[in-house]
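Chemist: The following block contains the structure, expressed as structure tokens.
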Amino acid sequence: MSGQKKKNFQIEAFKHRVMVDPKYAEKTWKILEHAIQEIYNHNASGLSFEELYRNAYNMVLHKFGEKLYSGLVTTMTSHLSDISKSIEAAQGELFLEELNRKWLDHNKALQMIRDILMYMDRTFIPSTHKTPVHELGLNLWRDVVIHSCKTQIRLQDTLLELVHRERNGEVINRGLMRSIIKMLMDLGSSVYQDDFEQHFLEVSANFYGLESQQYIESCDCGDYLKKAERRLNEEMERVSHYLDARSLEKITNVVEKEMIENHMHRLVHMENSGLVNMLVNDKYDDLGRKYNLFRRVANGGLLIVRDVMTSYIRDTGKQLVTDPERLKDPVDFVQRLLDLKDKYDKIISLAFNNDKTFQNALNSSFEYFINLNARSPEFISLFVDDKLRKGLKGVSEEDVEVVLDKVMMLFRYLQEKDVFEKYYKQHLAKRLLAGKTVSDDAERSLIVKLKTECGYQFTSKLEGMFTDMKTSQDTMQGFHESLGAELGDSPSLTVQVLTTGSWPTQPSATCNLPAEILGVCEKFRSYYLGTHTGRRLSWQTNMGTADLKAIFGKGQKHELNVSTYQMCVLMLFNNADRLSYKEIEQATEIPASDLKRCLQSLACARVKSVLRKEPIGRDIAEDDAFSVNDKFSSKLYKVRISTVAAQRESEPENQETRQRVEEDRKPQIEAAIVRIMKSRRVLDHNNIVAEVIKQLQSRFLPNPVVIKKRIESLIEREFLERDKNDRKLYRYLA
Amino acid sequence: MRRSASRKTGQPNSTPSLNSSPADLFRSASSKATTKELERIDALYYSYANGSSAMIDPEGIEALCSDMEVDHTDVRILMLAWKMKAEKQGYFSLEEWRRGLKALRADTVNKLKKALPELEKEVKRPTNFVDFYSYAFRYCLTEEKQKSIDIESICELLDLVLGSQFREQVDFFVEYLKTQNDYKVINNDQWMGFYRFCNEISFPDFSNYDPELAWPLILDNFVEWMLAKQS
């Protein structure tokens, strides 16, 4: 070295000589290819992950990603072909197992391969928009293995065969099924659907179609439904165990359609075991099952059940209310109605899940048939009368409320509530005057319920009746206190002063009271009028009662409880031994029909009667002679003769009451018309009718013809006029 | 609430004449009548009037009718009453007499008689007829505060007033009225309703009759009765 200057000392980086060896790519690929093979041959343990990763990395780095990728595709494809062949070769039962095993292997292999090729996955593939490794592996599996013509069909058949066997009761390998199905799902939902689900549903439809046909021919409704339910549960379980959750709705729809929807009518109307039979026999389980199954059917399942139930209830109810036998005993009649309601309430709550639409159907049915019988209002009042008179004796307060609430429920169904009001008033009057009510609290409780339902006006008069009773008690106290000494030996008198208007009107009749009674009555009258000037009192002799002490021929002593009329008659016999009908009539001046009835109960009773009549017989003629029956006997000291209890009206009485109700309705209709016209001023005929009906329907349903008549009457009295130009209109005249 | 109980007729009944008859019988003549005419009209009145009451009473009317050679139950007498706006059946007051005869330009019995055919025509014109029809009912209300007329009289009145125009309807309705029991009297609303009925409803099929509408109930019943008869 000759004298050279010192240069800067540079250290150069150590460069690894990367040979752009044309064969480099090929060599590297071969390594990787070999690795893949080893992986597939379960020899992966001998491989170095790091080295392989690096190789793959280098290939991508040096722009050989394409080669790597296509190589991968080729290799994997060829391996999968081999696998596919081996699967195809599997015999019988082993097919599925082999497939499954190979699948699991493939997944493991795929994972390892993906790990090795991760760099390519993350860089080369996205930029070239190629399928990622994992997905590629699945697609190849799908295309090469699953969709190989033999395998595809065989797989489908095998799976469906297994399902079929399970449906027939065999136990199958569910784990295997789950795994295979999961494989299909992993391959893509369209694979699952096209390769399996679609066919599964088709086959199931056929299966259940056939089965349902079989069952329906051989089973009764209850059994059929049990089977249907069981199958449904089975399918649900199947899905949860080894099918895709999204298949649940689809397969249940199939079962519902095939087993239920297609046979709905037949199931409901099946003879001796259909819906009606279940209802009649209270088969709650079967009904509940039916309800739950039919509810699943989207279009009209429950509708059929409800309609059949409704028409059956209507028919039953209609029969009940029009049966002449039933109509003889009002209390029984109403009890049967209540029983019917209870029965169906129970069915709806136990079997129909308290479904509101069913409840409504029940209510509308009741409303329909209760109003078919014009006497329903009367009968319901008689039922209440019976309960309040004796039926509720000894019943606890809560139970009383229950009964009264049930009565209210029937009351709500009535269209002619004003008719009920009339009868209720009559019956209440009898109860109060006879002192025959089991519980004052129960009476008041019912009034409160009626008030809540219908408003103050409905019950104001009823409450007035109660008030009168109370006031009378106080009056009597005052009477006895001030006149106590004077009264002395006179018969003891109890007076109830009734305010006219609150109490049901009775035409007052003539009656000659015995002298002893008259005296004390007059004393009361002057006492009362002394403290209440400006009032008028009139004795209602047709409503009173009397207790008479009697001594008969052989010395028997009895106390007789009789009506006022009967008292008048009997007192006559204090002064005469024998009297003819005519004489009695003249002496008492009681109206003939009442007198005859009164004598009949005194003289013509089945059991020994107080009076004797000659000639014997029920009919009373002018010259019949009456005398005291000296042989009268009774086990009891106190004997009740009068019949004061409320009874169902005879036909003529019923007609009369109905007429009175019609008369009462006229002013109500007129008031409604005037109210409406006053606010509207001008209105056409149809609208008036509709408005009137709307206003009055809480009390009764007015007849359009009657409304028209009332309008004409109002025109005549110049409250309204017809419009001069448009004859359909009416005008209010202020 | 005011209840009007007046029975006065409503609209004026003399309209300017539309027909070209040269006779000036229908021109409102109150101002055109000469004094002579008025005197003769009054004189004619007093010739028929009852001495003490100074009104033409039923006797006087009968005399007038026989002079005119018209039966006193003839509808033309009713028309005359309408023209006069007579208030009380069977009686004409001076004012009413003057009103009627002035309008008819009649101051003698002969002229009055000759005026009757034209009067008929005038009444039969649709605008006047409704008024006449309505008047006929009111004219028959003889008592104070009377609002309805008994069935017998109504049947006669219907025949008189509507018989010529609606023979069949009147005959059947009269038969119905006599056989039914629901109504003993007919009121004004029903009376007017029947006229409308004859005009609007096709007879005898009643095809355009709707009982749901505001027809008086008696007509609903009549139609029902007719239909039952026909089947």
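To be explicit about the labels: the chains of the structure tokens are called A, B, and onward in the order shown, and within each one the residues are counted from 1, while ligands get numbers from 1 in the order they are shown.
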Sort by chain and increasing residue number a table of all residues of chain A within 9 Å of chain B, each with its closest pair of atoms and their distance in Å to one decimal, counting only C-alpha atoms, and write it as JSON lines.

Modeler:
{"residue": "A:Asp684", "atom": "CA", "partner": "B:Ala214", "partner_atom": "CA", "distance": 8.0}
{"residue": "A:His685", "atom": "CA", "partner": "B:Ala214", "partner_atom": "CA", "distance": 5.5}
{"residue": "A:Asn686", "atom": "CA", "partner": "B:Leu213", "partner_atom": "CA", "distance": 6.9}
{"residue": "A:Pro704", "atom": "CA", "partner": "B:Glu212", "partner_atom": "CA", "distance": 8.6}
{"residue": "A:Val705", "atom": "CA", "partner": "B:Leu217", "partner_atom": "CA", "distance": 7.6}
{"residue": "A:Lys708", "atom": "CA", "partner": "B:Leu217", "partner_atom": "CA", "distance": 6.7}
{"residue": "A:Lys709", "atom": "CA", "partner": "B:Leu217", "partner_atom": "CA", "distance": 6.5}
{"residue": "A:Glu712", "atom": "CA", "partner": "B:Pro216", "partner_atom": "CA", "distance": 7.0}
{"residue": "A:Ile715", "atom": "CA", "partner": "B:Asp189", "partner_atom": "CA", "distance": 7.6}
{"residue": "A:Glu716", "atom": "CA", "partner": "B:Asn187", "partner_atom": "CA", "distance": 7.3}
{"residue": "A:Arg717", "atom": "CA", "partner": "B:Arg3", "partner_atom": "CA", "distance": 7.6}
{"residue": "A:Glu718", "atom": "CA", "partner": "B:Arg3", "partner_atom": "CA", "distance": 6.1}
{"residue": "A:Phe719", "atom": "CA", "partner": "B:Met1", "partner_atom": "CA", "distance": 7.7}
{"residue": "A:Glu721", "atom": "CA", "partner": "B:Asp189", "partner_atom": "CA", "distance": 9.0}
{"residue": "A:Arg722", "atom": "CA", "partner": "B:Asp189", "partner_atom": "CA", "distance": 8.5}
{"residue": "A:Arg727", "atom": "CA", "partner": "B:Ala214", "partner_atom": "CA", "distance": 7.0}
{"residue": "A:Lys728", "atom": "CA", "partner": "B:Ala214", "partner_atom": "CA", "distance": 5.4}
{"residue": "A:Leu729", "atom": "CA", "partner": "B:Ala214", "partner_atom": "CA", "distance": 7.7}
{"residue": "A:Tyr730", "atom": "CA", "partner": "B:Ala214", "partner_atom": "CA", "distance": 8.7}
{"residue": "A:Leu733", "atom": "CA", "partner": "B:Met1", "partner_atom": "CA", "distance": 7.8}
{"residue": "A:Ala734", "atom": "CA", "partner": "B:Met1", "partner_atom": "CA", "distance": 5.8}

Chemist: Set the distance at 9 Å and use only C-alpha atoms: which residues neighbour Ala106 in chain B once local chain neighbours fewer than 5 positions away are removed? I'd like the list as a list in words.

Modeler: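 My list of contacting residues is Leu25, Glu37, Ile41, Gly100, Leu101, Lys111, Leu112, Lys113, Lys114 and Ala115 of chain B.
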
Chemist: Could you name the residues that touch Val400 in chain A at 10 Å or less, counting only C-alpha atoms, but leaving out those on the same chain fewer than 3 positions away, as a PyMOL selection string?

Modeler: chain A and resi 387-388+391-397+403-406+439+441-442+445-446

Chemist: Write out, as a compact mmCIF listing (two decimals), in the first residue's frame, the residues just selected, with N, CA and C atoms.

Modeler:
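The resulting selection.txt:
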# COMPACT_ATOMS: atom_id res chain seq x y z
N LYS A 387 -133.88 -15.51 47.17
CA LYS A 387 -132.62 -15.50 47.90
C LYS A 387 -132.72 -14.59 49.12
N LEU A 388 -133.30 -13.43 48.92
CA LEU A 388 -133.33 -12.48 50.02
C LEU A 388 -134.34 -12.86 51.08
N GLY A 391 -133.15 -17.87 50.78
CA GLY A 391 -132.02 -18.59 50.20
C GLY A 391 -130.69 -18.22 50.81
N LEU A 392 -130.57 -16.97 51.28
CA LEU A 392 -129.28 -16.55 51.77
C LEU A 392 -129.19 -16.63 53.29
N LYS A 393 -130.10 -17.36 53.87
CA LYS A 393 -130.08 -17.47 55.33
C LYS A 393 -128.82 -18.21 55.76
N GLY A 394 -128.12 -17.61 56.69
CA GLY A 394 -126.96 -18.30 57.24
C GLY A 394 -125.76 -18.30 56.33
N VAL A 395 -125.84 -17.56 55.23
CA VAL A 395 -124.70 -17.55 54.32
C VAL A 395 -123.76 -16.42 54.73
N SER A 396 -122.48 -16.66 54.58
CA SER A 396 -121.51 -15.64 55.00
C SER A 396 -121.61 -14.40 54.12
N GLU A 397 -121.11 -13.31 54.65
CA GLU A 397 -121.23 -12.04 53.93
C GLU A 397 -120.57 -12.08 52.57
N VAL A 403 -123.20 -14.09 45.32
CA VAL A 403 -124.50 -14.36 44.69
C VAL A 403 -125.06 -13.09 44.08
N LEU A 404 -125.00 -11.99 44.83
CA LEU A 404 -125.56 -10.74 44.31
C LEU A 404 -124.82 -10.27 43.07
N ASP A 405 -123.49 -10.44 43.07
CA ASP A 405 -122.73 -10.05 41.88
C ASP A 405 -123.15 -10.86 40.68
N LYS A 406 -123.42 -12.12 40.92
CA LYS A 406 -123.86 -12.96 39.80
C LYS A 406 -125.20 -12.47 39.27
N SER A 439 -131.69 -10.46 55.23
CA SER A 439 -130.62 -9.59 55.69
C SER A 439 -130.80 -8.20 55.11
N ASP A 441 -128.68 -5.89 55.24
CA ASP A 441 -127.42 -5.54 54.57
C ASP A 441 -127.41 -6.04 53.14
N ALA A 442 -127.88 -7.25 52.95
CA ALA A 442 -127.89 -7.81 51.59
C ALA A 442 -128.79 -6.97 50.70
N SER A 445 -127.06 -3.79 49.93
CA SER A 445 -125.92 -4.03 49.05
C SER A 445 -126.37 -4.13 47.60
N LEU A 446 -127.49 -4.82 47.40
CA LEU A 446 -127.99 -4.96 46.02
C LEU A 446 -128.43 -3.62 45.45

Chemist: Give me the residues near range 656-671 of chain A as a ChimeraX atom specification, where near means some atom within 10 Å (using only C-alpha atoms) and where sequence neighbours in that chain fewer than 5 positions away do not count.

Modeler: /A:374-375,416,418-419,421-423,649-651,676-677,692-693,695-696,699-700,702-703,706-707,709-711,713-714

Chemist: Contacts of Asp282 in chain A at 10 Å or less, counting only C-alpha atoms, minus same-chain residues fewer than 6 places along, as a list of chain:residue names?

Modeler: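 The filter keeps A:Val276, A:Lys343, A:Tyr344, A:Lys346, A:Ile347, A:Ala351.
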
Chemist: Could you turn the residues from that selection into a file that holds N, CA, C and O atoms, as a short mmCIF file (atom, residue, chain, number, x, y, z; two decimals), in the first residue's frame?

Modeler:
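Final output, saved to out.cif:
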data_model
loop_
_atom_site.label_atom_id
_atom_site.label_comp_id
_atom_site.auth_asym_id
_atom_site.auth_seq_id
_atom_site.Cartn_x
_atom_site.Cartn_y
_atom_site.Cartn_z
N VAL A 276 -117.99 -29.76 20.86
CA VAL A 276 -119.22 -29.70 21.64
C VAL A 276 -119.21 -30.75 22.75
O VAL A 276 -119.54 -30.48 23.90
N LYS A 343 -120.34 -22.56 34.31
CA LYS A 343 -119.67 -23.62 33.59
C LYS A 343 -118.73 -23.05 32.54
O LYS A 343 -117.56 -23.43 32.45
N TYR A 344 -119.26 -22.10 31.77
CA TYR A 344 -118.42 -21.59 30.70
C TYR A 344 -117.35 -20.63 31.18
O TYR A 344 -116.28 -20.54 30.58
N LYS A 346 -115.73 -21.14 33.81
CA LYS A 346 -114.68 -22.04 34.25
C LYS A 346 -113.90 -22.56 33.05
O LYS A 346 -112.66 -22.60 33.07
N ILE A 347 -114.62 -22.95 32.03
CA ILE A 347 -113.94 -23.47 30.85
C ILE A 347 -113.01 -22.42 30.27
O ILE A 347 -111.86 -22.69 29.93
N ALA A 351 -109.30 -23.57 30.50
CA ALA A 351 -108.83 -24.15 29.25
C ALA A 351 -108.50 -23.13 28.17
O ALA A 351 -107.68 -23.39 27.31
#

Chemist: Which one of A:Leu537, A:Ile313, A:Ala429, A:Ile36 sits closest to Ser502 in chain A if you count only C-alpha atoms?

Modeler: A:Ala429

Chemist: Determine, counting only C-alpha atoms, which protein, DNA and RNA residues have an atom within 9 Å of an atom of Gly317 in chain A; residues of the same chain fewer than 6 positions away are not included. Present the result as a tab-separated table (two decimals) with N, CA, C and O atoms, in the first residue's frame.

Modeler:
chain	number	residue	atom	x	y	z
A	337	LEU	N	-129.53	-20.68	34.53
A	337	LEU	CA	-128.77	-19.71	33.76
A	337	LEU	C	-127.43	-19.44	34.43
A	337	LEU	O	-126.39	-19.37	33.77
A	340	LEU	N	-125.09	-22.26	33.95
A	340	LEU	CA	-124.54	-22.27	32.59
A	340	LEU	C	-123.39	-21.29	32.48
A	340	LEU	O	-122.33	-21.59	31.92
A	365	SER	N	-123.57	-14.09	23.64
A	365	SER	CA	-124.54	-15.19	23.54
A	365	SER	C	-125.59	-15.07	24.63
A	365	SER	O	-126.78	-15.23	24.38
A	366	PHE	N	-125.13	-14.79	25.85
A	366	PHE	CA	-126.07	-14.66	26.95
A	366	PHE	C	-127.05	-13.53	26.70
A	366	PHE	O	-128.24	-13.65	26.93
A	368	TYR	N	-128.00	-12.45	23.96
A	368	TYR	CA	-128.93	-12.87	22.91
A	368	TYR	C	-130.08	-13.68	23.47
A	368	TYR	O	-131.25	-13.33	23.30
A	369	PHE	N	-129.78	-14.77	24.21
A	369	PHE	CA	-130.91	-15.64	24.52
A	369	PHE	C	-131.67	-15.24	25.77
A	369	PHE	O	-132.85	-15.55	25.89
A	370	ILE	N	-131.01	-14.51	26.67
A	370	ILE	CA	-131.79	-14.07	27.83
A	370	ILE	C	-132.95	-13.20	27.39
A	370	ILE	O	-134.04	-13.25	27.94

Chemist: With only C-alpha atoms as the basis for distance, which of B:Leu38, B:Ile56, B:Ala43, B:Leu157 is at the shortest distance from Arg99 in chain B?

Modeler: B:Leu38

Chemist: Show me, as a PDB file with N, CA, C and O atoms, in the first residue's frame, the residues that have an atom within 9 Å of Val174 in chain B when counting only C-alpha atoms, minus same-chain residues fewer than 2 positions from it.

Modeler:
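Listed below is the output, selection27.pdb:
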ATOM      1  N   ILE B 151    -163.595  10.116  12.062  1.00  0.00           N
ATOM      2  CA  ILE B 151    -163.380   9.327  10.856  1.00  0.00           C
ATOM      3  C   ILE B 151    -164.495   9.502   9.829  1.00  0.00           C
ATOM      4  O   ILE B 151    -164.237   9.708   8.633  1.00  0.00           O
ATOM      5  N   ILE B 154    -164.171  12.734   8.049  1.00  0.00           N
ATOM      6  CA  ILE B 154    -162.981  12.739   7.205  1.00  0.00           C
ATOM      7  C   ILE B 154    -163.248  11.987   5.911  1.00  0.00           C
ATOM      8  O   ILE B 154    -162.841  12.430   4.827  1.00  0.00           O
ATOM      9  N   CYS B 155    -163.912  10.843   6.032  1.00  0.00           N
ATOM     10  CA  CYS B 155    -164.164  10.061   4.819  1.00  0.00           C
ATOM     11  C   CYS B 155    -164.964  10.878   3.820  1.00  0.00           C
ATOM     12  O   CYS B 155    -164.666  10.904   2.618  1.00  0.00           O
ATOM     13  N   GLU B 156    -165.981  11.575   4.325  1.00  0.00           N
ATOM     14  CA  GLU B 156    -166.797  12.401   3.428  1.00  0.00           C
ATOM     15  C   GLU B 156    -165.962  13.511   2.818  1.00  0.00           C
ATOM     16  O   GLU B 156    -166.054  13.795   1.619  1.00  0.00           O
ATOM     17  N   LEU B 158    -162.725  13.667   2.382  1.00  0.00           N
ATOM     18  CA  LEU B 158    -161.759  13.154   1.409  1.00  0.00           C
ATOM     19  C   LEU B 158    -162.426  12.954   0.060  1.00  0.00           C
ATOM     20  O   LEU B 158    -161.897  13.321  -0.989  1.00  0.00           O
ATOM     21  N   ASP B 159    -163.602  12.343   0.126  1.00  0.00           N
ATOM     22  CA  ASP B 159    -164.322  12.056  -1.107  1.00  0.00           C
ATOM     23  C   ASP B 159    -164.629  13.355  -1.845  1.00  0.00           C
ATOM     24  O   ASP B 159    -164.431  13.467  -3.053  1.00  0.00           O
ATOM     25  N   GLN B 169    -157.232   5.963  -4.726  1.00  0.00           N
ATOM     26  CA  GLN B 169    -156.567   6.091  -3.420  1.00  0.00           C
ATOM     27  C   GLN B 169    -157.594   6.447  -2.350  1.00  0.00           C
ATOM     28  O   GLN B 169    -157.588   5.898  -1.252  1.00  0.00           O
ATOM     29  N   VAL B 170    -158.479   7.389  -2.718  1.00  0.00           N
ATOM     30  CA  VAL B 170    -159.465   7.830  -1.735  1.00  0.00           C
ATOM     31  C   VAL B 170    -160.377   6.673  -1.353  1.00  0.00           C
ATOM     32  O   VAL B 170    -160.634   6.434  -0.168  1.00  0.00           O
ATOM     33  N   ASP B 171    -160.820   5.936  -2.360  1.00  0.00           N
ATOM     34  CA  ASP B 171    -161.742   4.832  -2.061  1.00  0.00           C
ATOM     35  C   ASP B 171    -161.114   3.822  -1.109  1.00  0.00           C
ATOM     36  O   ASP B 171    -161.718   3.408  -0.113  1.00  0.00           O
ATOM     37  N   PHE B 172    -159.871   3.435  -1.428  1.00  0.00           N
ATOM     38  CA  PHE B 172    -159.229   2.418  -0.590  1.00  0.00           C
ATOM     39  C   PHE B 172    -158.938   2.951   0.808  1.00  0.00           C
ATOM     40  O   PHE B 172    -159.115   2.265   1.808  1.00  0.00           O
ATOM     41  N   TYR B 176    -160.162   1.592   4.368  1.00  0.00           N
ATOM     42  CA  TYR B 176    -159.248   1.274   5.467  1.00  0.00           C
ATOM     43  C   TYR B 176    -159.664   1.987   6.745  1.00  0.00           C
ATOM     44  O   TYR B 176    -159.725   1.407   7.825  1.00  0.00           O
ATOM     45  N   LEU B 177    -159.937   3.277   6.606  1.00  0.00           N
ATOM     46  CA  LEU B 177    -160.287   4.055   7.795  1.00  0.00           C
ATOM     47  C   LEU B 177    -161.499   3.477   8.490  1.00  0.00           C
ATOM     48  O   LEU B 177    -161.571   3.463   9.719  1.00  0.00           O
ATOM     49  N   LYS B 178    -162.423   2.991   7.678  1.00  0.00           N
ATOM     50  CA  LYS B 178    -163.648   2.479   8.294  1.00  0.00           C
ATOM     51  C   LYS B 178    -163.419   1.131   8.954  1.00  0.00           C
ATOM     52  O   LYS B 178    -164.113   0.778   9.904  1.00  0.00           O
ATOM     53  N   THR B 179    -162.473   0.347   8.472  1.00  0.00           N
ATOM     54  CA  THR B 179    -162.287  -0.985   9.048  1.00  0.00           C
ATOM     55  C   THR B 179    -161.291  -0.994  10.214  1.00  0.00           C
ATOM     56  O   THR B 179    -161.374  -1.836  11.087  1.00  0.00           O
TER      57      THR B 179
END

Chemist: Given the choices A:Val145, A:Leu483, A:Val305, A:Val73, which gets closest to Glu88 in chain A if the distance is worked out from only C-alpha atoms?

Modeler: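 Under the stated criterion, the closest residue is A:Val145.
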
Chemist: When you draw a straight line from CA of Thr128 in chain A to CA of Ser70 in chain A, how long is it in Å?

Modeler: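 Rounded to one decimal, the two atoms are 12.7 Å apart.
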